[in-house]
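The next block is model23.pdb, given as PDB, C-alpha atoms, pLDDT in the B column.
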ATOM      1  CA  MET A   1    -113.917  15.367  17.161  1.00 43.00           C
ATOM      2  CA  PRO A   2    -110.261  14.736  18.125  1.00 46.00           C
ATOM      3  CA  PRO A   3    -108.568  17.068  20.620  1.00 46.00           C
ATOM      4  CA  GLN A   4    -107.214  20.230  19.000  1.00 53.00           C
ATOM      5  CA  GLU A   5    -106.006  22.316  21.933  1.00 60.00           C
ATOM      6  CA  PRO A   6    -102.238  22.423  22.561  1.00 61.00           C
ATOM      7  CA  GLU A   7    -102.751  20.935  26.023  1.00 64.00           C
ATOM      8  CA  ASP A   8    -104.748  18.037  24.559  1.00 81.00           C
ATOM      9  CA  ILE A   9    -102.066  17.322  21.956  1.00 83.00           C
ATOM     10  CA  THR A  10     -99.362  17.457  24.621  1.00 83.00           C
ATOM     11  CA  GLY A  11    -101.423  15.038  26.733  1.00 86.00           C
ATOM     12  CA  LEU A  12    -101.730  12.637  23.792  1.00 86.00           C
ATOM     13  CA  LEU A  13     -97.978  12.806  23.171  1.00 84.00           C
ATOM     14  CA  ILE A  14     -97.238  12.000  26.794  1.00 83.00           C
ATOM     15  CA  ALA A  15     -99.765   9.138  26.839  1.00 86.00           C
ATOM     16  CA  TRP A  16     -98.356   7.739  23.586  1.00 83.00           C
ATOM     17  CA  ARG A  17     -94.803   7.788  24.930  1.00 80.00           C
ATOM     18  CA  LYS A  18     -96.066   5.877  27.986  1.00 84.00           C
ATOM     19  CA  GLY A  19     -97.302   3.136  25.646  1.00 81.00           C
ATOM     20  CA  ASP A  20    -100.940   4.120  25.090  1.00 85.00           C
ATOM     21  CA  GLN A  21    -101.600   3.081  21.469  1.00 83.00           C
ATOM     22  CA  GLU A  22    -105.065   4.645  21.551  1.00 89.00           C
ATOM     23  CA  ALA A  23    -103.358   8.021  22.145  1.00 86.00           C
ATOM     24  CA  LEU A  24    -101.357   7.478  18.957  1.00 82.00           C
ATOM     25  CA  ALA A  25    -104.572   6.759  17.055  1.00 84.00           C
ATOM     26  CA  LEU A  26    -106.050  10.045  18.332  1.00 88.00           C
ATOM     27  CA  LEU A  27    -102.855  12.017  17.740  1.00 85.00           C
ATOM     28  CA  MET A  28    -102.755  11.827  13.946  1.00 84.00           C
ATOM     29  CA  PRO A  29    -106.193  13.379  13.371  1.00 85.00           C
ATOM     30  CA  ALA A  30    -105.364  16.039  15.966  1.00 82.00           C
ATOM     31  CA  VAL A  31    -102.136  17.141  14.246  1.00 87.00           C
ATOM     32  CA  TYR A  32    -102.814  16.240  10.617  1.00 88.00           C
ATOM     33  CA  ARG A  33    -104.038  19.660   9.460  1.00 85.00           C
ATOM     34  CA  ARG A  34    -100.953  21.425  10.843  1.00 85.00           C
ATOM     35  CA  LEU A  35     -98.622  18.800   9.363  1.00 88.00           C
ATOM     36  CA  LYS A  36    -100.328  19.189   5.982  1.00 88.00           C
ATOM     37  CA  ARG A  37     -99.859  22.994   6.089  1.00 84.00           C
ATOM     38  CA  MET A  38     -96.191  22.427   6.890  1.00 83.00           C
ATOM     39  CA  ALA A  39     -95.849  20.032   3.946  1.00 84.00           C
ATOM     40  CA  ILE A  40     -97.551  22.487   1.587  1.00 82.00           C
ATOM     41  CA  GLY A  41     -95.092  25.129   2.779  1.00 77.00           C
ATOM     42  CA  TYR A  42     -92.162  22.851   2.035  1.00 75.00           C
ATOM     43  CA  LEU A  43     -93.461  22.037  -1.445  1.00 76.00           C
ATOM     44  CA  ARG A  44     -94.672  25.504  -2.482  1.00 72.00           C
ATOM     45  CA  TYR A  45     -91.563  26.225  -4.578  1.00 61.00           C
ATOM     46  CA  GLU A  46     -91.258  22.710  -5.939  1.00 64.00           C
ATOM     47  CA  ARG A  47     -91.298  22.040  -9.652  1.00 64.00           C
ATOM     48  CA  SER A  48     -94.772  21.284 -11.009  1.00 63.00           C
ATOM     49  CA  ASN A  49     -93.983  17.679 -11.964  1.00 64.00           C
ATOM     50  CA  HIS A  50     -92.557  16.748  -8.566  1.00 67.00           C
ATOM     51  CA  THR A  51     -93.479  13.216  -7.518  1.00 75.00           C
ATOM     52  CA  LEU A  52     -94.116  14.009  -3.850  1.00 79.00           C
ATOM     53  CA  GLU A  53     -97.467  15.486  -2.868  1.00 85.00           C
ATOM     54  CA  PRO A  54     -98.069  17.163   0.515  1.00 86.00           C
ATOM     55  CA  THR A  55     -99.985  14.101   1.728  1.00 89.00           C
ATOM     56  CA  ASP A  56     -97.041  11.838   0.782  1.00 89.00           C
ATOM     57  CA  LEU A  57     -94.639  14.084   2.654  1.00 88.00           C
ATOM     58  CA  VAL A  58     -96.845  14.107   5.764  1.00 89.00           C
ATOM     59  CA  HIS A  59     -97.205  10.329   5.726  1.00 89.00           C
ATOM     60  CA  GLU A  60     -93.493   9.689   5.197  1.00 89.00           C
ATOM     61  CA  ALA A  61     -92.520  12.093   7.985  1.00 87.00           C
ATOM     62  CA  TYR A  62     -95.169  10.660  10.299  1.00 84.00           C
ATOM     63  CA  LEU A  63     -93.968   7.100   9.674  1.00 85.00           C
ATOM     64  CA  ARG A  64     -90.443   8.144  10.567  1.00 86.00           C
ATOM     65  CA  LEU A  65     -91.710  10.023  13.597  1.00 82.00           C
ATOM     66  CA  ILE A  66     -93.550   7.087  15.132  1.00 76.00           C
ATOM     67  CA  GLN A  67     -90.514   4.871  14.579  1.00 78.00           C
ATOM     68  CA  LEU A  68     -88.273   7.116  16.676  1.00 75.00           C
ATOM     69  CA  LYS A  69     -87.417   5.199  19.811  1.00 65.00           C
ATOM     70  CA  ARG A  70     -85.465   7.625  21.949  1.00 67.00           C
ATOM     71  CA  VAL A  71     -87.451  10.827  21.476  1.00 68.00           C
ATOM     72  CA  SER A  72     -89.712  11.955  24.274  1.00 72.00           C
ATOM     73  CA  PHE A  73     -91.766  14.932  23.156  1.00 77.00           C
ATOM     74  CA  LYS A  74     -92.108  17.622  25.799  1.00 76.00           C
ATOM     75  CA  ASP A  75     -95.137  19.206  24.172  1.00 78.00           C
ATOM     76  CA  ARG A  76     -96.810  19.923  20.845  1.00 81.00           C
ATOM     77  CA  ALA A  77     -94.223  22.571  19.848  1.00 82.00           C
ATOM     78  CA  HIS A  78     -91.441  20.008  20.292  1.00 82.00           C
ATOM     79  CA  PHE A  79     -93.471  17.509  18.252  1.00 84.00           C
ATOM     80  CA  PHE A  80     -93.925  19.981  15.364  1.00 85.00           C
ATOM     81  CA  ALA A  81     -90.250  20.980  15.522  1.00 84.00           C
ATOM     82  CA  MET A  82     -89.247  17.329  15.124  1.00 85.00           C
ATOM     83  CA  SER A  83     -91.823  16.900  12.349  1.00 87.00           C
ATOM     84  CA  SER A  84     -90.304  19.809  10.424  1.00 83.00           C
ATOM     85  CA  THR A  85     -86.840  18.254  10.755  1.00 84.00           C
ATOM     86  CA  LEU A  86     -88.108  14.946   9.383  1.00 87.00           C
ATOM     87  CA  MET A  87     -89.948  16.601   6.468  1.00 86.00           C
ATOM     88  CA  ARG A  88     -86.783  18.452   5.541  1.00 82.00           C
ATOM     89  CA  ARG A  89     -84.834  15.176   5.620  1.00 85.00           C
ATOM     90  CA  VAL A  90     -87.384  13.440   3.394  1.00 86.00           C
ATOM     91  CA  LEU A  91     -87.199  16.240   0.824  1.00 82.00           C
ATOM     92  CA  VAL A  92     -83.415  16.435   0.901  1.00 81.00           C
ATOM     93  CA  GLU A  93     -83.153  12.664   0.369  1.00 83.00           C
ATOM     94  CA  HIS A  94     -85.668  12.940  -2.459  1.00 80.00           C
ATOM     95  CA  ALA A  95     -83.755  15.832  -4.042  1.00 75.00           C
ATOM     96  CA  ARG A  96     -80.441  13.981  -3.770  1.00 76.00           C
ATOM     97  CA  HIS A  97     -81.964  10.907  -5.356  1.00 74.00           C
ATOM     98  CA  HIS A  98     -83.346  12.892  -8.298  1.00 68.00           C
ATOM     99  CA  ASP A  99     -80.280  15.097  -8.640  1.00 61.00           C
ATOM    100  CA  SER A 100     -77.694  12.480  -9.587  1.00 50.00           C
ATOM    101  CA  VAL A 101     -77.039  13.751 -13.125  1.00 39.00           C
ATOM    102  CA  LYS A 102     -76.454  17.447 -12.536  1.00 44.00           C
ATOM    103  CA  ARG A 103     -76.614  19.507  -9.346  1.00 49.00           C
ATOM    104  CA  GLY A 104     -79.610  21.820  -9.342  1.00 47.00           C
ATOM    105  CA  LYS A 105     -81.576  19.952 -11.988  1.00 50.00           C
ATOM    106  CA  GLY A 106     -85.184  19.507 -10.893  1.00 47.00           C
ATOM    107  CA  VAL A 107     -84.739  20.247  -7.198  1.00 47.00           C
ATOM    108  CA  LEU A 108     -86.800  22.444  -4.945  1.00 49.00           C
ATOM    109  CA  LYS A 109     -86.170  26.145  -5.535  1.00 53.00           C
ATOM    110  CA  VAL A 110     -86.384  28.239  -2.390  1.00 54.00           C
ATOM    111  CA  PRO A 111     -86.222  31.991  -2.988  1.00 54.00           C
ATOM    112  CA  LEU A 112     -84.295  33.610  -0.186  1.00 50.00           C
ATOM    113  CA  GLU A 113     -87.030  36.207   0.073  1.00 52.00           C
ATOM    114  CA  ALA A 114     -89.138  33.442   1.597  1.00 54.00           C
ATOM    115  CA  LEU A 115     -86.838  33.487   4.613  1.00 56.00           C
ATOM    116  CA  GLY A 116     -88.252  36.853   5.596  1.00 55.00           C
ATOM    117  CA  ASP A 117     -86.781  40.208   4.792  1.00 46.00           C
ATOM    118  CA  ILE A 118     -83.719  38.802   3.054  1.00 41.00           C
ATOM    119  CA  GLN A 119     -83.486  40.630  -0.247  1.00 36.00           C
ATOM    120  CA  ILE A 120     -81.442  38.727  -2.786  1.00 33.00           C
ATOM    121  CA  ALA A 121     -82.210  37.946  -6.404  1.00 31.00           C
ATOM    122  CA  PRO A 122     -80.944  34.410  -7.045  1.00 35.00           C
ATOM    123  CA  ALA A 123     -82.908  31.389  -5.849  1.00 38.00           C
ATOM    124  CA  ALA A 124     -81.251  28.707  -3.766  1.00 46.00           C
ATOM    125  CA  ASP A 125     -82.169  25.071  -4.193  1.00 69.00           C
ATOM    126  CA  LEU A 126     -83.054  22.836  -1.276  1.00 72.00           C
ATOM    127  CA  LEU A 127     -79.706  21.081  -1.397  1.00 76.00           C
ATOM    128  CA  ALA A 128     -77.819  24.388  -1.150  1.00 79.00           C
ATOM    129  CA  LEU A 129     -80.072  25.517   1.690  1.00 80.00           C
ATOM    130  CA  ASP A 130     -79.607  22.180   3.469  1.00 82.00           C
ATOM    131  CA  GLU A 131     -75.838  22.491   3.096  1.00 86.00           C
ATOM    132  CA  ALA A 132     -75.959  26.067   4.384  1.00 87.00           C
ATOM    133  CA  LEU A 133     -78.002  24.964   7.404  1.00 87.00           C
ATOM    134  CA  ARG A 134     -75.487  22.212   8.131  1.00 89.00           C
ATOM    135  CA  ASP A 135     -72.666  24.778   7.932  1.00 92.00           C
ATOM    136  CA  LEU A 136     -74.640  27.060  10.238  1.00 92.00           C
ATOM    137  CA  ALA A 137     -75.215  24.174  12.666  1.00 91.00           C
ATOM    138  CA  ASP A 138     -71.443  23.600  12.790  1.00 94.00           C
ATOM    139  CA  ARG A 139     -71.080  27.218  13.925  1.00 93.00           C
ATOM    140  CA  ASP A 140     -74.231  27.556  16.022  1.00 93.00           C
ATOM    141  CA  THR A 141     -76.567  24.596  16.535  1.00 91.00           C
ATOM    142  CA  GLU A 142     -79.267  26.653  18.212  1.00 91.00           C
ATOM    143  CA  MET A 143     -79.343  29.188  15.383  1.00 92.00           C
ATOM    144  CA  ALA A 144     -79.769  26.427  12.789  1.00 90.00           C
ATOM    145  CA  ARG A 145     -82.559  24.798  14.823  1.00 87.00           C
ATOM    146  CA  ILE A 146     -84.392  28.109  15.063  1.00 90.00           C
ATOM    147  CA  VAL A 147     -84.231  28.582  11.276  1.00 87.00           C
ATOM    148  CA  GLU A 148     -85.501  25.078  10.723  1.00 83.00           C
ATOM    149  CA  MET A 149     -88.384  25.445  13.182  1.00 83.00           C
ATOM    150  CA  ARG A 150     -89.372  28.913  11.957  1.00 83.00           C
ATOM    151  CA  TYR A 151     -88.932  28.548   8.209  1.00 77.00           C
ATOM    152  CA  PHE A 152     -89.668  24.887   7.661  1.00 73.00           C
ATOM    153  CA  GLY A 153     -91.818  24.073  10.665  1.00 74.00           C
ATOM    154  CA  GLY A 154     -93.858  27.256  10.733  1.00 75.00           C
ATOM    155  CA  LEU A 155     -93.490  27.560  14.508  1.00 81.00           C
ATOM    156  CA  ASN A 156     -93.933  31.033  15.934  1.00 85.00           C
ATOM    157  CA  ARG A 157     -91.325  32.627  18.174  1.00 89.00           C
ATOM    158  CA  ASP A 158     -93.124  31.673  21.399  1.00 90.00           C
ATOM    159  CA  GLU A 159     -93.323  28.021  20.331  1.00 85.00           C
ATOM    160  CA  ILE A 160     -89.644  28.061  19.363  1.00 88.00           C
ATOM    161  CA  ALA A 161     -88.743  29.689  22.677  1.00 90.00           C
ATOM    162  CA  GLU A 162     -90.577  26.892  24.470  1.00 85.00           C
ATOM    163  CA  VAL A 163     -88.778  24.156  22.518  1.00 84.00           C
ATOM    164  CA  VAL A 164     -85.307  25.697  22.775  1.00 86.00           C
ATOM    165  CA  GLY A 165     -85.705  26.999  26.323  1.00 88.00           C
ATOM    166  CA  ILE A 166     -84.892  30.658  25.678  1.00 92.00           C
ATOM    167  CA  SER A 167     -86.910  33.872  25.692  1.00 94.00           C
ATOM    168  CA  SER A 168     -89.035  34.996  22.749  1.00 94.00           C
ATOM    169  CA  ALA A 169     -86.828  38.077  22.420  1.00 96.00           C
ATOM    170  CA  SER A 170     -83.763  35.820  22.110  1.00 95.00           C
ATOM    171  CA  VAL A 171     -85.511  33.840  19.388  1.00 94.00           C
ATOM    172  CA  THR A 172     -86.173  37.065  17.461  1.00 94.00           C
ATOM    173  CA  ARG A 173     -82.531  38.197  17.769  1.00 95.00           C
ATOM    174  CA  THR A 174     -81.211  34.771  16.777  1.00 94.00           C
ATOM    175  CA  TRP A 175     -83.614  34.544  13.811  1.00 92.00           C
ATOM    176  CA  ARG A 176     -82.352  37.933  12.521  1.00 92.00           C
ATOM    177  CA  LYS A 177     -78.706  36.865  12.849  1.00 93.00           C
ATOM    178  CA  ALA A 178     -79.415  33.534  11.155  1.00 91.00           C
ATOM    179  CA  ARG A 179     -81.167  35.171   8.188  1.00 88.00           C
ATOM    180  CA  ALA A 180     -78.255  37.573   7.732  1.00 89.00           C
ATOM    181  CA  TRP A 181     -75.761  34.696   7.901  1.00 91.00           C
ATOM    182  CA  LEU A 182     -77.749  32.612   5.394  1.00 88.00           C
ATOM    183  CA  GLN A 183     -78.037  35.571   3.043  1.00 85.00           C
ATOM    184  CA  ARG A 184     -74.266  36.090   3.022  1.00 87.00           C
ATOM    185  CA  HIS A 185     -73.492  32.364   2.798  1.00 86.00           C
ATOM    186  CA  LEU A 186     -75.916  31.570  -0.036  1.00 82.00           C
ATOM    187  CA  ALA A 187     -75.003  34.724  -1.960  1.00 80.00           C
ATOM    188  CA  ALA A 188     -71.316  33.734  -1.747  1.00 80.00           C
ATOM    189  CA  GLU A 189     -72.167  30.202  -2.924  1.00 71.00           C
ATOM    190  CA  HIS A 190     -74.162  31.621  -5.845  1.00 65.00           C
ATOM    191  CA  ARG A 191     -71.226  33.834  -6.900  1.00 68.00           C
ATOM    192  CA  GLN A 192     -68.926  30.777  -6.878  1.00 66.00           C
ATOM    193  CA  GLU A 193     -71.160  28.671  -9.158  1.00 60.00           C
ATOM    194  CA  PRO A 194     -69.852  28.194 -12.727  1.00 56.00           C
ATOM    195  CA  GLY A 195     -71.290  30.786 -15.087  1.00 56.00           C
ATOM    196  CA  ASN A 196     -71.917  33.302 -12.284  1.00 56.00           C
ATOM    197  CA  GLU A 197     -68.562  35.039 -12.389  1.00 54.00           C
ATOM    198  CA  SER A 198     -68.853  38.793 -12.666  1.00 47.00           C
TER     199      SER A 198
END
In structure tokens, how does this file's structure come out?
Amino acid sequence: MPPQEPEDITGLLIAWRKGDQEALALLMPAVYRRLKRMAIGYLRYERSNHTLEPTDLVHEAYLRLIQLKRVSFKDRAHFFAMSSTLMRRVLVEHARHHDSVKRGKGVLKVPLEALGDIQIAPAADLLALDEALRDLADRDTEMARIVEMRYFGGLNRDEIAEVVGISSASVTRTWRKARAWLQRHLAAEHRQEPGNES
């Protein structure tokens, strides 16, 4: 049975970064279940005929992850945060590729309610959410990272606090501010779309 404890995963990450290829072979089975849950979360609002399956998303993100040369993972939380970033990139690239005819056609629909207690009727597609997160990152990089780790990566506030280097209470405050900002930003974008004029 591969190691499952956070300390064991962190140890494997450190050993892998020091060049131990056996650690890499043990790492995938140790983290696969969590990565698969993350991928399922990403794809839960996807159209039914989407060509990417959770397993495909995990494998593509993992391939990109092991090819990163300059990343040194501090611990398992940092590893999962980076994994969530890569999964988001894979899906955004996939959505852009399949969205060349008309914006919004056949892309991932992410109800804003999924971001927590944001209450707003219209759904935002992955491309709009990605654009909003990029806009948020221009204003506040840490806030955007926290959204990505919490919403896409499924990290809890203590794990995020560990990755970012702030207190759990600060993560909670930042998460609330970020959700409010995203709600306003995406609602404004929705009102500006053709056919949505009041």
Report task. Find the distance between CA of Arg96 in chain A and CA of Glu148 in chain A and write it in Å to one decimal. Result ->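 Spanning CA of Arg96 in chain A to CA of Glu148 in chain A is a straight-line distance of 18.9 Å.
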Report task. Could you tell me how far CA of Arg157 in chain A lies from CA of Tyr32 in chain A, in Å and to one decimal? Result ->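 Result for CA of Arg157 in chain A versus CA of Tyr32 in chain A: 21.4 Å, one decimal.
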**Report entry** Contacts of Arg150 in chain A within 10 Å, only C-alpha atoms, excl. fewer than 3 positions in-chain, as number ranges by chain
**Finding:** A: 81, 84, 115, 144-147, 153-157, 159-160, 171, 175
**Report entry** For Leu52 in chain A: contacts at 9 Å, all atoms listed in the file, fewer than 6 positions along chain excluded, given as a PyMOL selection string
**Finding:** chain A and resi 43+91+94
Could you turn the residues from that selection into a file that holds C-alpha atoms, as an mmCIF file, keeping the file's coordinate frame?
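Full text of out_4.cif as output:
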data_model
loop_
_atom_site.group_PDB
_atom_site.id
_atom_site.type_symbol
_atom_site.label_atom_id
_atom_site.label_comp_id
_atom_site.auth_asym_id
_atom_site.auth_seq_id
_atom_site.Cartn_x
_atom_site.Cartn_y
_atom_site.Cartn_z
ATOM 1 C CA LEU A 43 -93.461 22.037 -1.445
ATOM 2 C CA LEU A 91 -87.199 16.240 0.824
ATOM 3 C CA HIS A 94 -85.668 12.940 -2.459
#
Report task. Report the residues retrieved by the PyMOL selection byres ((chain A and resi 14-18) around 10) from the displayed file, expressed as a VMD selection string. Result -> chain A and resid 8 to 13 19 to 27 66 69 to 76
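Closest approach to Thr172 in chain A among A:Met143, A:Leu57, A:Leu186, A:Gly41: A:Met143, based on all atoms listed in the file.
Across the structure, CA of His59 in chain A and CA of Ala161 in chain A are spaced 27.1 Å apart.
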Report task. Might you pull out every residue within 8 Å of Tyr42 in chain A, with only C-alpha atoms counted and same-chain residues fewer than 5 positions away left off, and present them as JSON, numbers by chain? Result -> {"A": [87, 88, 152]}
Requested in this report: Identify the residues around (-92.6, 13.0, 11.1) within a radius of 7 Å, measuring from all atoms listed in the file in the coordinates stated by the file, and give them as a ChimeraX atom specification.
Outcome: /A:58,60-65,82-83,86-87
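Considering only C-alpha atoms, the residue among A:Ile40, A:Ala77, A:Leu68, A:Ala95 positioned nearest to Met149 in chain A is A:Ala77.
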Requested in this report: Run the PyMOL selection byres ((chain A and resi 131) around 12) against the file shown and list the residues it catches, as number ranges by chain.
Outcome: A: 88-89, 92, 96, 124-130, 132-138, 144, 182, 185-186, 189
Selected residues written out with C-alpha atoms, as a PDB file, in the coordinates of the input:
ATOM      1  CA  ARG A  88     -86.783  18.452   5.541  1.00 82.00           C
ATOM      2  CA  ARG A  89     -84.834  15.176   5.620  1.00 85.00           C
ATOM      3  CA  VAL A  92     -83.415  16.435   0.901  1.00 81.00           C
ATOM      4  CA  ARG A  96     -80.441  13.981  -3.770  1.00 76.00           C
ATOM      5  CA  ALA A 124     -81.251  28.707  -3.766  1.00 46.00           C
ATOM      6  CA  ASP A 125     -82.169  25.071  -4.193  1.00 69.00           C
ATOM      7  CA  LEU A 126     -83.054  22.836  -1.276  1.00 72.00           C
ATOM      8  CA  LEU A 127     -79.706  21.081  -1.397  1.00 76.00           C
ATOM      9  CA  ALA A 128     -77.819  24.388  -1.150  1.00 79.00           C
ATOM     10  CA  LEU A 129     -80.072  25.517   1.690  1.00 80.00           C
ATOM     11  CA  ASP A 130     -79.607  22.180   3.469  1.00 82.00           C
ATOM     12  CA  ALA A 132     -75.959  26.067   4.384  1.00 87.00           C
ATOM     13  CA  LEU A 133     -78.002  24.964   7.404  1.00 87.00           C
ATOM     14  CA  ARG A 134     -75.487  22.212   8.131  1.00 89.00           C
ATOM     15  CA  ASP A 135     -72.666  24.778   7.932  1.00 92.00           C
ATOM     16  CA  LEU A 136     -74.640  27.060  10.238  1.00 92.00           C
ATOM     17  CA  ALA A 137     -75.215  24.174  12.666  1.00 91.00           C
ATOM     18  CA  ASP A 138     -71.443  23.600  12.790  1.00 94.00           C
ATOM     19  CA  ALA A 144     -79.769  26.427  12.789  1.00 90.00           C
ATOM     20  CA  LEU A 182     -77.749  32.612   5.394  1.00 88.00           C
ATOM     21  CA  HIS A 185     -73.492  32.364   2.798  1.00 86.00           C
ATOM     22  CA  LEU A 186     -75.916  31.570  -0.036  1.00 82.00           C
ATOM     23  CA  GLU A 189     -72.167  30.202  -2.924  1.00 71.00           C
TER      24      GLU A 189
END
**Report entry** Option closest in space to Arg34 in chain A, from A:Phe80, A:Thr51, A:Ala180, A:Tyr151 [counting all atoms listed in the file]
**Finding:**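 Looking only at the distances to Arg34 in chain A, the closest residue turns out to be A:Phe80.
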Query raised in the report: Between A:Glu162, A:Asp140, A:Ser168, A:Arg33, which is the closest to Trp181 in chain A once you count only C-alpha atoms?
Result: A:Asp140
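Counting only C-alpha atoms, the residue from A:Gly165, A:Thr55, A:Glu142, A:Glu93 that sits nearest to Ala39 in chain A is A:Thr55.
For the residues A:Phe79, A:Arg139, A:Ala178, A:Gln67, ranking by smallest atom-to-atom distance to Leu35 in chain A using all atoms listed in the file places A:Phe79 first.
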Missing atoms in range 54-65 of chain A need filling: write out N, CA and C atoms for it as a tab-separated table (two decimals), in the coordinates of the input.
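Result written to rebuild07.tsv:
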chain	number	residue	atom	x	y	z
A	54	PRO	N	-98.07	16.86	-0.92
A	54	PRO	CA	-98.07	17.16	0.52
A	54	PRO	C	-98.49	15.98	1.39
A	55	THR	N	-99.52	15.25	0.95
A	55	THR	CA	-99.98	14.10	1.73
A	55	THR	C	-98.89	13.05	1.85
A	56	ASP	N	-98.15	12.80	0.76
A	56	ASP	CA	-97.04	11.84	0.78
A	56	ASP	C	-95.98	12.27	1.78
A	57	LEU	N	-95.66	13.56	1.76
A	57	LEU	CA	-94.64	14.08	2.65
A	57	LEU	C	-95.07	13.95	4.12
A	58	VAL	N	-96.32	14.26	4.40
A	58	VAL	CA	-96.84	14.11	5.76
A	58	VAL	C	-96.75	12.65	6.20
A	59	HIS	N	-97.19	11.75	5.36
A	59	HIS	CA	-97.20	10.33	5.73
A	59	HIS	C	-95.79	9.79	5.94
A	60	GLU	N	-94.87	10.16	5.06
A	60	GLU	CA	-93.49	9.69	5.20
A	60	GLU	C	-92.86	10.23	6.48
A	61	ALA	N	-93.06	11.50	6.76
A	61	ALA	CA	-92.52	12.09	7.98
A	61	ALA	C	-93.16	11.46	9.22
A	62	TYR	N	-94.46	11.23	9.16
A	62	TYR	CA	-95.17	10.66	10.30
A	62	TYR	C	-94.69	9.23	10.57
A	63	LEU	N	-94.48	8.46	9.50
A	63	LEU	CA	-93.97	7.10	9.67
A	63	LEU	C	-92.60	7.12	10.35
A	64	ARG	N	-91.76	8.04	9.94
A	64	ARG	CA	-90.44	8.14	10.57
A	64	ARG	C	-90.57	8.60	12.02
A	65	LEU	N	-91.51	9.48	12.26
A	65	LEU	CA	-91.71	10.02	13.60
A	65	LEU	C	-92.12	8.94	14.59
